[in-house]
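Structure file structure.csv (CSV, C-alpha atoms and all ligand atoms) is printed below.
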chain,number,residue,atom,x,y,z
A,1,MET,CA,-48.8,-0.1,-27.4
A,2,THR,CA,-49.2,-2.6,-30.2
A,3,ASN,CA,-46.2,-4.0,-32.2
A,4,ALA,CA,-47.2,-2.0,-35.2
A,5,GLU,CA,-47.3,1.2,-33.2
A,6,VAL,CA,-43.9,0.5,-31.7
A,7,LYS,CA,-42.4,-0.1,-35.1
A,8,ALA,CA,-43.9,3.1,-36.5
A,9,GLN,CA,-42.5,5.0,-33.5
A,10,MET,CA,-39.1,3.6,-34.1
A,11,LYS,CA,-39.3,4.4,-37.8
A,12,ALA,CA,-40.4,8.0,-37.0
A,13,GLU,CA,-37.4,8.4,-34.7
A,14,ASN,CA,-35.1,7.3,-37.5
A,15,ALA,CA,-32.1,7.0,-35.1
A,16,PRO,CA,-28.7,7.2,-36.8
A,17,ILE,CA,-26.7,4.1,-37.1
A,18,ASN,CA,-23.7,3.8,-34.7
A,19,TRP,CA,-21.2,2.5,-37.2
A,20,THR,CA,-18.5,1.6,-34.7
A,21,ASN,CA,-20.9,-0.7,-32.9
A,22,MET,CA,-22.6,-1.9,-36.0
A,23,LEU,CA,-19.3,-3.1,-37.5
A,24,LEU,CA,-17.9,-4.4,-34.2
A,25,PHE,CA,-21.0,-6.4,-33.4
A,26,SER,CA,-21.4,-7.8,-36.9
A,27,ILE,CA,-17.8,-8.6,-37.8
A,28,THR,CA,-17.0,-10.4,-34.5
A,29,PRO,CA,-19.9,-12.9,-34.6
A,30,ALA,CA,-19.4,-13.5,-38.3
A,31,CYS,CA,-15.7,-14.3,-37.7
A,32,ALA,CA,-16.5,-16.4,-34.7
A,33,LEU,CA,-19.0,-18.4,-36.7
A,34,THR,CA,-16.6,-19.1,-39.5
A,35,LEU,CA,-12.9,-18.9,-38.3
A,36,VAL,CA,-13.4,-20.8,-35.1
A,37,PRO,CA,-14.9,-24.0,-36.6
A,38,LEU,CA,-12.6,-23.8,-39.6
A,39,TYR,CA,-9.5,-23.7,-37.4
A,40,GLY,CA,-11.0,-26.5,-35.3
A,41,TYR,CA,-11.6,-28.6,-38.4
A,42,PHE,CA,-8.1,-28.2,-39.8
A,43,TYR,CA,-6.0,-28.0,-36.7
A,44,GLY,CA,-8.2,-28.9,-33.7
A,45,TYR,CA,-8.3,-27.4,-30.2
A,46,ASP,CA,-6.8,-29.2,-27.2
A,47,LEU,CA,-7.9,-29.5,-23.6
A,48,TYR,CA,-5.7,-26.6,-22.5
A,49,GLU,CA,-7.3,-24.3,-25.0
A,50,TRP,CA,-10.9,-25.3,-24.0
A,51,VAL,CA,-10.1,-24.9,-20.3
A,52,VAL,CA,-8.7,-21.4,-20.9
A,53,PHE,CA,-11.9,-20.6,-22.9
A,54,VAL,CA,-14.2,-21.8,-20.1
A,55,LEU,CA,-12.2,-19.9,-17.4
A,56,LEU,CA,-12.1,-16.6,-19.3
A,57,MET,CA,-15.8,-17.0,-20.1
A,58,GLY,CA,-16.5,-17.4,-16.3
A,59,TYR,CA,-14.2,-14.5,-15.4
A,60,CYS,CA,-15.8,-12.2,-18.0
A,61,GLY,CA,-19.4,-13.2,-17.0
A,62,LEU,CA,-18.9,-12.9,-13.2
A,63,SER,CA,-17.1,-9.5,-13.6
A,64,ILE,CA,-20.3,-8.3,-15.3
A,65,THR,CA,-22.9,-10.0,-12.9
A,66,ALA,CA,-21.1,-9.5,-9.6
A,67,GLY,CA,-19.1,-6.4,-10.5
A,68,TYR,CA,-20.8,-4.2,-13.0
A,69,HIS,CA,-24.3,-5.3,-12.1
A,70,ARG,CA,-24.7,-6.2,-8.4
A,71,MET,CA,-21.9,-4.1,-7.0
A,72,TRP,CA,-21.4,-1.0,-9.1
A,73,SER,CA,-25.0,-0.5,-10.5
A,74,HIS,CA,-27.0,-1.6,-7.5
A,75,LYS,CA,-24.5,-1.3,-4.6
A,76,THR,CA,-25.9,-4.5,-3.0
A,77,TYR,CA,-22.5,-5.1,-1.3
A,78,LYS,CA,-19.1,-3.5,-0.9
A,79,ALA,CA,-16.0,-4.9,-2.5
A,80,HIS,CA,-12.3,-4.6,-1.6
A,81,PRO,CA,-10.3,-2.4,-4.1
A,82,LEU,CA,-8.4,-5.6,-5.2
A,83,LEU,CA,-11.7,-7.2,-6.2
A,84,ARG,CA,-12.9,-4.0,-7.9
A,85,PHE,CA,-9.7,-3.9,-9.9
A,86,ILE,CA,-10.2,-7.6,-11.0
A,87,PHE,CA,-13.8,-6.8,-12.0
A,88,ALA,CA,-12.7,-3.7,-13.9
A,89,LEU,CA,-10.3,-5.8,-16.0
A,90,GLY,CA,-12.9,-8.5,-16.5
A,91,GLY,CA,-15.5,-5.9,-17.5
A,92,ALA,CA,-13.2,-4.5,-20.1
A,93,MET,CA,-12.6,-8.0,-21.4
A,94,ALA,CA,-16.4,-8.4,-21.8
A,95,LEU,CA,-16.4,-5.3,-24.1
A,96,GLN,CA,-19.7,-4.1,-22.8
A,97,ASN,CA,-18.5,-0.5,-22.3
A,98,ASP,CA,-17.0,0.9,-19.1
A,99,VAL,CA,-18.5,0.9,-15.7
A,100,PHE,CA,-19.9,4.4,-16.1
A,101,HIS,CA,-21.8,3.7,-19.2
A,102,TRP,CA,-23.0,0.3,-18.2
A,103,ALA,CA,-24.2,1.3,-14.7
A,104,SER,CA,-25.8,4.5,-15.9
A,105,ASP,CA,-27.8,2.7,-18.6
A,106,HIS,CA,-28.7,0.0,-16.1
A,107,ARG,CA,-29.9,2.3,-13.4
A,108,ARG,CA,-32.1,4.0,-16.0
A,109,HIS,CA,-33.4,0.5,-17.1
A,110,HIS,CA,-34.5,-0.1,-13.5
A,111,GLN,CA,-35.9,3.4,-13.0
A,112,PHE,CA,-37.9,3.5,-16.2
A,113,THR,CA,-38.4,-0.3,-16.9
A,114,ASP,CA,-40.5,-0.8,-20.1
A,115,ASN,CA,-40.8,2.9,-20.8
A,116,ASN,CA,-39.9,3.0,-24.5
A,117,ASP,CA,-38.8,6.6,-24.3
A,118,ARG,CA,-36.5,6.3,-21.3
A,119,ASP,CA,-35.5,2.7,-20.7
A,120,PRO,CA,-32.3,2.2,-22.9
A,121,TYR,CA,-33.2,-1.4,-23.6
A,122,SER,CA,-36.9,-1.4,-23.1
A,123,ALA,CA,-38.5,-4.8,-23.7
A,124,GLY,CA,-41.6,-3.0,-24.9
A,125,ARG,CA,-39.8,-2.4,-28.2
A,126,GLY,CA,-39.5,-6.1,-28.8
A,127,PHE,CA,-36.9,-8.9,-28.6
A,128,TRP,CA,-34.4,-7.6,-31.1
A,129,PHE,CA,-34.3,-4.1,-29.7
A,130,SER,CA,-33.9,-5.2,-26.1
A,131,HIS,CA,-31.3,-7.9,-27.0
A,132,MET,CA,-28.8,-5.8,-29.1
A,133,GLY,CA,-30.8,-3.4,-31.4
A,134,TRP,CA,-30.4,-0.7,-28.8
A,135,ILE,CA,-26.6,-0.7,-29.2
A,136,LEU,CA,-26.6,-0.5,-33.0
A,137,ARG,CA,-28.2,2.9,-33.4
A,138,SER,CA,-28.0,6.1,-31.3
A,139,TYR,CA,-31.6,6.1,-29.9
A,140,LYS,CA,-32.8,9.0,-27.8
A,141,SER,CA,-33.5,6.6,-24.9
A,142,GLY,CA,-29.8,5.6,-24.9
A,143,ARG,CA,-28.5,9.1,-24.7
A,144,ARG,CA,-25.5,9.4,-22.4
A,145,ASP,CA,-26.4,11.0,-19.1
A,146,PHE,CA,-24.0,10.4,-16.2
A,147,SER,CA,-26.1,12.4,-13.7
A,148,ASN,CA,-27.2,9.1,-12.1
A,149,ILE,CA,-23.7,7.7,-11.4
A,150,LYS,CA,-22.1,10.6,-9.3
A,151,ASP,CA,-21.2,8.0,-6.6
A,152,LEU,CA,-19.3,5.9,-9.1
A,153,GLN,CA,-17.4,8.9,-10.4
A,154,ARG,CA,-15.8,9.0,-6.9
A,155,ASP,CA,-14.6,5.4,-7.2
A,156,PRO,CA,-10.9,5.6,-8.2
A,157,ILE,CA,-11.0,2.2,-9.8
A,158,ALA,CA,-14.0,3.0,-12.0
A,159,VAL,CA,-12.5,6.3,-12.9
A,160,TRP,CA,-9.2,4.6,-13.8
A,161,GLN,CA,-11.0,2.0,-16.0
A,162,HIS,CA,-13.0,4.8,-17.7
A,163,LYS,CA,-9.8,6.7,-18.5
A,164,HIS,CA,-7.9,3.7,-19.9
A,165,TYR,CA,-10.9,1.7,-21.3
A,166,LEU,CA,-9.7,1.2,-24.8
A,167,LYS,CA,-6.2,0.1,-23.8
A,168,LEU,CA,-7.7,-2.3,-21.2
A,169,VAL,CA,-10.0,-3.8,-23.9
A,170,LEU,CA,-7.1,-4.5,-26.2
A,171,LEU,CA,-4.9,-5.8,-23.4
A,172,MET,CA,-7.6,-8.2,-22.1
A,173,ASN,CA,-9.1,-9.3,-25.4
A,174,ILE,CA,-5.9,-9.7,-27.5
A,175,GLY,CA,-2.9,-9.4,-25.1
A,176,LEU,CA,-4.1,-12.0,-22.5
A,177,PRO,CA,-5.4,-14.7,-24.9
A,178,ALA,CA,-2.2,-14.2,-27.0
A,179,LEU,CA,0.0,-14.6,-23.9
A,180,LEU,CA,-1.9,-17.7,-22.7
A,181,GLY,CA,-1.6,-19.2,-26.2
A,182,TRP,CA,2.1,-18.3,-26.5
A,183,LEU,CA,2.7,-20.1,-23.2
A,184,HIS,CA,1.1,-23.2,-24.7
A,185,GLY,CA,2.7,-22.9,-28.1
A,186,ASP,CA,-0.4,-21.9,-30.2
A,187,ILE,CA,-1.2,-18.2,-30.2
A,188,LEU,CA,-3.9,-18.3,-33.0
A,189,ALA,CA,-5.9,-21.1,-31.4
A,190,SER,CA,-6.1,-19.2,-28.1
A,191,LEU,CA,-7.0,-15.9,-29.9
A,192,LEU,CA,-9.8,-17.6,-31.7
A,193,LEU,CA,-11.3,-19.6,-28.8
A,194,ALA,CA,-10.4,-17.6,-25.6
A,195,GLY,CA,-10.4,-14.3,-27.5
A,196,LEU,CA,-13.1,-14.2,-30.2
A,197,LEU,CA,-15.6,-17.0,-29.4
A,198,ARG,CA,-15.5,-16.1,-25.7
A,199,LEU,CA,-16.1,-12.4,-26.4
A,200,VAL,CA,-19.1,-13.0,-28.7
A,201,LEU,CA,-20.7,-15.7,-26.4
A,202,SER,CA,-20.3,-13.7,-23.2
A,203,GLN,CA,-21.9,-10.6,-24.8
A,204,HIS,CA,-24.9,-12.5,-26.0
A,205,VAL,CA,-25.3,-14.2,-22.6
A,206,THR,CA,-25.6,-10.8,-21.0
A,207,TRP,CA,-28.0,-9.5,-23.6
A,208,LEU,CA,-30.3,-12.4,-23.1
A,209,ILE,CA,-31.1,-11.0,-19.7
A,210,ASN,CA,-32.5,-7.8,-21.3
A,211,SER,CA,-34.4,-9.8,-23.9
A,212,ILE,CA,-35.5,-13.2,-22.8
A,213,ALA,CA,-35.7,-12.5,-19.1
A,214,HIS,CA,-38.2,-9.7,-19.9
A,215,MET,CA,-40.4,-12.0,-22.0
A,216,TRP,CA,-40.4,-15.7,-20.9
A,217,GLY,CA,-40.8,-16.9,-17.4
A,218,ARG,CA,-42.9,-16.4,-14.2
A,219,GLN,CA,-43.8,-13.1,-12.6
A,220,THR,CA,-43.4,-14.5,-9.1
A,221,TYR,CA,-43.2,-11.2,-7.1
A,222,SER,CA,-44.7,-8.5,-9.3
A,223,ASP,CA,-46.4,-7.8,-12.6
A,224,LYS,CA,-45.8,-4.1,-12.5
A,225,HIS,CA,-42.8,-4.7,-14.8
A,226,SER,CA,-42.1,-7.2,-17.6
A,227,ALA,CA,-39.1,-8.9,-15.8
A,228,ARG,CA,-39.5,-12.7,-15.4
A,229,ASP,CA,-38.0,-15.4,-13.3
A,230,ASN,CA,-36.5,-18.0,-15.7
A,231,PRO,CA,-34.5,-20.7,-14.0
A,232,VAL,CA,-33.3,-22.1,-17.3
A,233,LEU,CA,-31.8,-18.8,-18.2
A,234,ALA,CA,-30.1,-18.7,-14.8
A,235,LEU,CA,-28.0,-21.7,-15.8
A,236,ILE,CA,-26.2,-19.8,-18.5
A,237,THR,CA,-26.2,-16.3,-17.0
A,238,TYR,CA,-24.5,-17.0,-13.6
A,239,GLY,CA,-27.8,-16.8,-11.8
A,240,GLU,CA,-29.2,-13.6,-13.3
A,241,GLY,CA,-32.3,-15.5,-14.7
A,242,TYR,CA,-34.3,-14.7,-11.5
A,243,HIS,CA,-35.0,-11.4,-13.0
A,244,ASN,CA,-38.5,-10.8,-11.6
A,245,TYR,CA,-37.1,-11.0,-8.1
A,246,HIS,CA,-34.3,-8.8,-9.1
A,247,HIS,CA,-36.5,-6.0,-10.5
A,248,THR,CA,-38.8,-6.2,-7.5
A,249,PHE,CA,-36.0,-6.3,-4.9
A,250,GLN,CA,-33.1,-4.7,-6.7
A,251,TRP,CA,-31.1,-3.9,-3.4
A,252,ASP,CA,-30.6,-7.6,-2.7
A,253,TYR,CA,-27.2,-9.1,-3.6
A,254,ARG,CA,-29.0,-12.4,-4.4
A,255,ASN,CA,-31.1,-13.0,-7.5
A,256,GLY,CA,-32.0,-16.6,-6.7
A,257,ILE,CA,-33.0,-16.5,-3.1
A,258,ARG,CA,-33.7,-20.2,-2.3
A,259,TRP,CA,-30.8,-22.5,-1.5
A,260,TRP,CA,-31.6,-24.7,-4.6
A,261,HIS,CA,-31.7,-21.7,-7.0
A,262,TYR,CA,-28.7,-21.7,-9.3
A,263,ASP,CA,-27.0,-18.4,-8.6
A,264,PRO,CA,-23.2,-18.7,-8.7
A,265,THR,CA,-22.8,-15.0,-8.5
A,266,LYS,CA,-24.5,-15.0,-5.1
A,267,TRP,CA,-22.3,-17.9,-3.9
A,268,MET,CA,-19.2,-16.2,-5.0
A,269,ILE,CA,-20.1,-12.9,-3.3
A,270,ARG,CA,-20.9,-14.8,-0.1
A,271,LEU,CA,-17.8,-16.9,-0.2
A,272,LEU,CA,-15.6,-13.9,-0.7
A,273,SER,CA,-17.1,-12.2,2.3
A,274,PHE,CA,-15.4,-14.9,4.5
A,275,VAL,CA,-12.0,-13.7,3.4
A,276,GLY,CA,-12.9,-10.0,3.6
A,277,LEU,CA,-13.0,-9.3,-0.1
A,278,THR,CA,-16.7,-8.4,0.1
A,279,SER,CA,-18.7,-6.9,2.9
A,280,GLU,CA,-22.1,-5.4,3.9
A,281,LEU,CA,-24.1,-7.9,1.8
A,282,LYS,CA,-27.7,-6.6,1.6
A,283,ARG,CA,-30.7,-8.8,1.7
A,284,CYS,CA,-34.3,-7.7,1.5
A,285,ASN,CA,-36.6,-8.3,4.4
A,286,PRO,CA,-38.0,-11.9,4.1
A,287,HIS,CA,-41.4,-10.7,5.2
A,288,GLU,CA,-41.7,-8.2,2.3
A,289,VAL,CA,-40.5,-10.9,-0.1
A,290,GLU,CA,-43.0,-13.4,1.1
A,291,LYS,CA,-45.8,-10.8,1.2
A,292,ALA,CA,-45.2,-9.9,-2.5
A,293,ARG,CA,-45.1,-13.6,-3.5
A,294,LEU,CA,-48.4,-14.4,-1.7
A,295,GLU,CA,-50.1,-11.3,-3.1
A,296,MET,CA,-49.3,-12.4,-6.7
A,297,GLN,CA,-50.5,-16.0,-5.9
A,298,TYR,CA,-53.7,-14.5,-4.4
A,299,ARG,CA,-54.4,-12.4,-7.5
A,300,HIS,CA,-53.8,-15.2,-9.9
A,301,ALA,CA,-56.1,-17.5,-7.8
A,302,THR,CA,-58.9,-14.9,-7.8
A,303,GLU,CA,-58.6,-14.5,-11.5
A,304,LYS,CA,-58.8,-18.2,-11.9
A,305,CYS,CA,-62.0,-18.4,-9.8
A,306,HIS,CA,-63.5,-15.7,-12.0
A,307,LEU,CA,-62.4,-17.5,-15.2
A,308,LEU,CA,-63.7,-20.9,-14.1
A,309,ASP,CA,-66.9,-19.3,-12.9
A,310,LEU,CA,-66.6,-21.0,-9.5
A,311,PRO,CA,-69.2,-20.5,-6.8
A,312,GLU,CA,-68.9,-17.5,-4.5
A,313,SER,CA,-68.1,-19.8,-1.6
A,314,TRP,CA,-64.8,-20.7,-3.3
A,315,ARG,CA,-63.8,-17.0,-3.6
A,316,GLN,CA,-64.7,-16.4,0.1
A,317,ARG,CA,-62.7,-19.4,1.2
A,318,LEU,CA,-59.7,-18.2,-0.7
A,319,GLU,CA,-60.0,-14.8,0.7
A,320,ALA,CA,-60.3,-16.1,4.3
A,321,GLU,CA,-57.2,-18.4,3.9
A,322,TYR,CA,-55.3,-15.5,2.4
A,323,GLU,CA,-56.2,-13.1,5.2
A,324,GLN,CA,-55.2,-15.7,7.8
A,325,LEU,CA,-51.9,-16.3,6.1
A,326,GLN,CA,-51.2,-12.6,6.0
A,327,GLN,CA,-51.9,-12.2,9.7
A,328,LEU,CA,-49.7,-15.1,10.6
A,329,LEU,CA,-46.9,-13.8,8.4
A,330,GLN,CA,-47.1,-10.4,10.1
A,331,GLN,CA,-47.0,-12.0,13.6
A,332,TRP,CA,-44.2,-14.3,12.6
A,333,SER,CA,-42.2,-11.3,11.2
A,334,GLU,CA,-42.7,-9.2,14.4
A,335,HIS,CA,-41.6,-12.1,16.6
A,336,ARG,CA,-38.7,-12.8,14.4
A,337,GLN,CA,-37.6,-9.3,14.9
A,338,ALA,CA,-38.2,-9.4,18.6
A,339,TRP,CA,-36.3,-12.6,19.0
A,340,TYR,CA,-33.3,-11.4,17.0
A,341,GLU,CA,-33.2,-8.3,19.1
A,342,ALA,CA,-33.4,-10.4,22.3
A,343,LYS,CA,-30.6,-12.5,21.1
A,344,GLY,CA,-28.4,-9.4,20.8
A,345,LYS,CA,-29.5,-8.2,24.3
A,346,ARG,CA,-28.8,-11.6,25.8
A,347,ILE,CA,-25.2,-11.3,24.7
A,348,GLN,CA,-25.1,-8.1,26.8
A,349,GLU,CA,-26.7,-10.2,29.6
A,350,THR,CA,-29.5,-7.8,30.3
A,351,LEU,CA,-32.3,-10.1,29.3
A,352,ALA,CA,-33.3,-12.9,31.7
A,353,HIS,CA,-32.8,-16.4,30.5
A,354,TRP,CA,-36.5,-17.5,30.8
A,355,GLU,CA,-37.6,-14.4,28.9
A,356,HIS,CA,-35.4,-15.3,26.1
A,357,LEU,CA,-36.7,-18.8,26.0
A,358,GLN,CA,-40.3,-17.6,26.0
A,359,LEU,CA,-39.6,-15.5,23.0
A,360,ARG,CA,-37.8,-18.3,21.2
A,361,ASP,CA,-40.7,-20.7,21.8
A,362,LYS,CA,-43.3,-18.2,20.6
A,363,TYR,CA,-41.3,-17.6,17.5
A,364,ARG,CA,-40.9,-21.4,16.8
A,365,GLU,CA,-44.7,-21.9,17.4
A,366,LEU,CA,-45.6,-19.1,14.9
A,367,HIS,CA,-43.0,-20.5,12.5
A,368,PHE,CA,-44.8,-23.9,12.7
A,369,GLN,CA,-48.3,-22.4,12.3
A,370,LEU,CA,-47.1,-20.4,9.3
A,371,LYS,CA,-45.7,-23.5,7.7
A,372,ILE,CA,-49.1,-25.4,8.1
A,373,GLN,CA,-51.0,-22.4,6.8
A,374,LYS,CA,-48.7,-22.1,3.9
A,375,ARG,CA,-49.2,-25.8,3.1
A,376,ARG,CA,-53.0,-25.3,3.1
A,377,TRP,CA,-52.7,-22.3,0.9
A,378,GLN,CA,-50.4,-24.0,-1.6
A,379,GLU,CA,-52.8,-26.9,-1.7
A,380,MET,CA,-55.7,-24.5,-2.5
A,381,VAL,CA,-53.7,-22.7,-5.2
A,382,ARG,CA,-52.7,-26.0,-6.7
A,383,HIS,CA,-56.3,-27.2,-6.7
A,384,LEU,CA,-57.3,-24.1,-8.6
A,385,SER,CA,-54.6,-24.6,-11.2
A,386,GLN,CA,-56.3,-27.9,-12.1
A,387,PRO,CA,-59.5,-26.7,-13.7
A,388,ALA,CA,-61.3,-30.0,-13.6
A,389,ALA,CA,-60.7,-30.6,-9.9
A,390,ALA,CA,-61.5,-27.0,-9.0
A,391,ALA,CA,-64.8,-27.0,-10.9
A,392,ALA,CA,-65.8,-30.3,-9.3
B,1,ZN,ZN,-30.3,-4.8,-12.3
B,2,ZN,ZN,-34.2,-6.0,-16.6

Translate the structure of the given file into structure tokens.
Ligand SMILES: [Zn+2]
Ligand SMILES: [Zn+2]
Amino acid sequence: MTNAEVKAQMKAENAPINWTNMLLFSITPACALTLVPLYGYFYGYDLYEWVVFVLLMGYCGLSITAGYHRMWSHKTYKAHPLLRFIFALGGAMALQNDVFHWASDHRRHHQFTDNNDRDPYSAGRGFWFSHMGWILRSYKSGRRDFSNIKDLQRDPIAVWQHKHYLKLVLLMNIGLPALLGWLHGDILASLLLAGLLRLVLSQHVTWLINSIAHMWGRQTYSDKHSARDNPVLALITYGEGYHNYHHTFQWDYRNGIRWWHYDPTKWMIRLLSFVGLTSELKRCNPHEVEKARLEMQYRHATEKCHLLDLPESWRQRLEAEYEQLQQLLQQWSEHRQAWYEAKGKRIQETLAHWEHLQLRDKYRELHFQLKIQKRRWQEMVRHLSQPAAAAA
């Protein structure tokens, strides 16, 4: 669908304005942009006020990413009731609607990604719509339908938050910053910084994942949806920038899967598992993840061969290397499974020691072979991405 067609479709729908949201999401940023700097200019903010601002910003953000998103919407791990209570309060502070609405919209976003009629914040309708336009009018695609959150309606904490949402919003957005300001002797400064500015910034940070993370970045694991991996965005979204991985493997509690990926939400969930506040952390099978990544690389490389009009021998070589890599990956995965099972059995002392060693050595050998083959493959793909070298 072209941009003009999308605009025409939206015009034809003529969705009524949601005045509560329109006023709320216009007045709060307008006040944040004027009152916060004005107060800062005349009276200034001190270190305490900035520290409270940063802490509440983090609390709000992580309640959405770890709580609303990875726990309630995707069920990638289980959380202790105390943690769910903390997230429910933080989510109300973020003013992004209650768990029911948020998770229901988000589950539909995953089920119908990019479908302009059914994805509540479809990126197919452009940057503005997917960022916040979808909230300002009552579009058909955003119609309330709780049929996909029956499980959450059995969670007493989510039910409690849904019931008292408005009171919790006021308590967390006005009561808490006012109390923290009163303790320090300047209620207004705290209300402006930790209340208003924190609220507006944290909302836009979340919305960037629906807009930018569906437009700019790499499609590392799949191009069946518009989601992108954007490591720069991960820096301000508590790790949610690895959105292509997330849309492809939504049952994984991680978004950034490498150790060097900046994903503080993942680190927090993992750390909390050591003290029993989180459990049953789900990870997707590394074999499936690697298979998806290599398939995307293979497809890009063949397209490149075609584009550069490289001799047939190049394409054949690429195919042969890819097939070999796939075979090795399959063998490695099977041995990995066998070795893990053997380790478990050995604990029960039913597996002979030498048998266990044999399996371990075979696994290590395959791991090494796979590493070498991957290096060859990466070299080849890199070579293809430099047109002059590839054509030579
Ligand atoms: Zn998601
Ligand atoms: Zn998305």

Which chains and residue numbers are within 12 Å of ligand ZN 2 (chain B), counting all atoms listed in the file, if I want them as a PyMOL selection string? chain A and resi 69+105-115+119-124+130-131+206-215+225-229+240-250+255

Selected residues, C-alpha atoms, written as a PDB file, keeping the file's coordinate frame, please.
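Result written to part-v5.pdb:
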ATOM      1  CA  HIS A  69     -24.300  -5.300 -12.100  1.00  0.00           C
ATOM      2  CA  ASP A 105     -27.800   2.700 -18.600  1.00  0.00           C
ATOM      3  CA  HIS A 106     -28.700   0.000 -16.100  1.00  0.00           C
ATOM      4  CA  ARG A 107     -29.900   2.300 -13.400  1.00  0.00           C
ATOM      5  CA  ARG A 108     -32.100   4.000 -16.000  1.00  0.00           C
ATOM      6  CA  HIS A 109     -33.400   0.500 -17.100  1.00  0.00           C
ATOM      7  CA  HIS A 110     -34.500  -0.100 -13.500  1.00  0.00           C
ATOM      8  CA  GLN A 111     -35.900   3.400 -13.000  1.00  0.00           C
ATOM      9  CA  PHE A 112     -37.900   3.500 -16.200  1.00  0.00           C
ATOM     10  CA  THR A 113     -38.400  -0.300 -16.900  1.00  0.00           C
ATOM     11  CA  ASP A 114     -40.500  -0.800 -20.100  1.00  0.00           C
ATOM     12  CA  ASN A 115     -40.800   2.900 -20.800  1.00  0.00           C
ATOM     13  CA  ASP A 119     -35.500   2.700 -20.700  1.00  0.00           C
ATOM     14  CA  PRO A 120     -32.300   2.200 -22.900  1.00  0.00           C
ATOM     15  CA  TYR A 121     -33.200  -1.400 -23.600  1.00  0.00           C
ATOM     16  CA  SER A 122     -36.900  -1.400 -23.100  1.00  0.00           C
ATOM     17  CA  ALA A 123     -38.500  -4.800 -23.700  1.00  0.00           C
ATOM     18  CA  GLY A 124     -41.600  -3.000 -24.900  1.00  0.00           C
ATOM     19  CA  SER A 130     -33.900  -5.200 -26.100  1.00  0.00           C
ATOM     20  CA  HIS A 131     -31.300  -7.900 -27.000  1.00  0.00           C
ATOM     21  CA  THR A 206     -25.600 -10.800 -21.000  1.00  0.00           C
ATOM     22  CA  TRP A 207     -28.000  -9.500 -23.600  1.00  0.00           C
ATOM     23  CA  LEU A 208     -30.300 -12.400 -23.100  1.00  0.00           C
ATOM     24  CA  ILE A 209     -31.100 -11.000 -19.700  1.00  0.00           C
ATOM     25  CA  ASN A 210     -32.500  -7.800 -21.300  1.00  0.00           C
ATOM     26  CA  SER A 211     -34.400  -9.800 -23.900  1.00  0.00           C
ATOM     27  CA  ILE A 212     -35.500 -13.200 -22.800  1.00  0.00           C
ATOM     28  CA  ALA A 213     -35.700 -12.500 -19.100  1.00  0.00           C
ATOM     29  CA  HIS A 214     -38.200  -9.700 -19.900  1.00  0.00           C
ATOM     30  CA  MET A 215     -40.400 -12.000 -22.000  1.00  0.00           C
ATOM     31  CA  HIS A 225     -42.800  -4.700 -14.800  1.00  0.00           C
ATOM     32  CA  SER A 226     -42.100  -7.200 -17.600  1.00  0.00           C
ATOM     33  CA  ALA A 227     -39.100  -8.900 -15.800  1.00  0.00           C
ATOM     34  CA  ARG A 228     -39.500 -12.700 -15.400  1.00  0.00           C
ATOM     35  CA  ASP A 229     -38.000 -15.400 -13.300  1.00  0.00           C
ATOM     36  CA  GLU A 240     -29.200 -13.600 -13.300  1.00  0.00           C
ATOM     37  CA  GLY A 241     -32.300 -15.500 -14.700  1.00  0.00           C
ATOM     38  CA  TYR A 242     -34.300 -14.700 -11.500  1.00  0.00           C
ATOM     39  CA  HIS A 243     -35.000 -11.400 -13.000  1.00  0.00           C
ATOM     40  CA  ASN A 244     -38.500 -10.800 -11.600  1.00  0.00           C
ATOM     41  CA  TYR A 245     -37.100 -11.000  -8.100  1.00  0.00           C
ATOM     42  CA  HIS A 246     -34.300  -8.800  -9.100  1.00  0.00           C
ATOM     43  CA  HIS A 247     -36.500  -6.000 -10.500  1.00  0.00           C
ATOM     44  CA  THR A 248     -38.800  -6.200  -7.500  1.00  0.00           C
ATOM     45  CA  PHE A 249     -36.000  -6.300  -4.900  1.00  0.00           C
ATOM     46  CA  GLN A 250     -33.100  -4.700  -6.700  1.00  0.00           C
ATOM     47  CA  ASN A 255     -31.100 -13.000  -7.500  1.00  0.00           C
TER      48      ASN A 255
END

Write out as a PyMOL selection string each polymer residue whose atoms come within 12 Å of Leu272 in chain A, counting only C-alpha atoms; drop sequence neighbours fewer than 2 positions from it. chain A and resi 66+77-80+82-83+265-270+274-281

Find the residues around range 155-169 of chain A up to 10 Å (only C-alpha atoms counted), leave out those fewer than 3 positions away in its own chain, and share them as a ChimeraX atom specification. /A:68,72,81-82,84-101,150-152,172-175

Need to verify the contact set: Leu38 in chain A, 12 Å, all atoms listed in the file, exclusion of same-chain residues closer than 6 positions in sequence. Can you return it as a tab-separated table (two decimals) with C-alpha atoms, in the frame of the given file?
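Output contents, as saved in out32.tsv:
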chain	number	residue	atom	x	y	z
A	31	CYS	CA	-15.70	-14.30	-37.70
A	32	ALA	CA	-16.50	-16.40	-34.70
A	44	GLY	CA	-8.20	-28.90	-33.70
A	45	TYR	CA	-8.30	-27.40	-30.20
A	189	ALA	CA	-5.90	-21.10	-31.40
A	192	LEU	CA	-9.80	-17.60	-31.70
A	193	LEU	CA	-11.30	-19.60	-28.80

As an exercise, work out the distance from CA of Asn18 in chain A to CA of Tyr139 in chain A in Å and give it to one decimal place.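 Pair CA of Asn18 in chain A / CA of Tyr139 in chain A returns 9.5 Å.
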
Mind giving me the straight-line distance from CA of Ala301 in chain A to CA of Arg382 in chain A in Å, one decimal?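 Distance between the two atoms: 9.2 Å.
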
Separation of CA of Gln369 in chain A from CA of Thr302 in chain A in Å: 23.9 Å

Using only C-alpha atoms, pick whichever of A:Trp134, A:Ala320, A:Ala15, A:Gln203 has the shortest atom-to-atom distance to Ile64 in chain A. A:Gln203
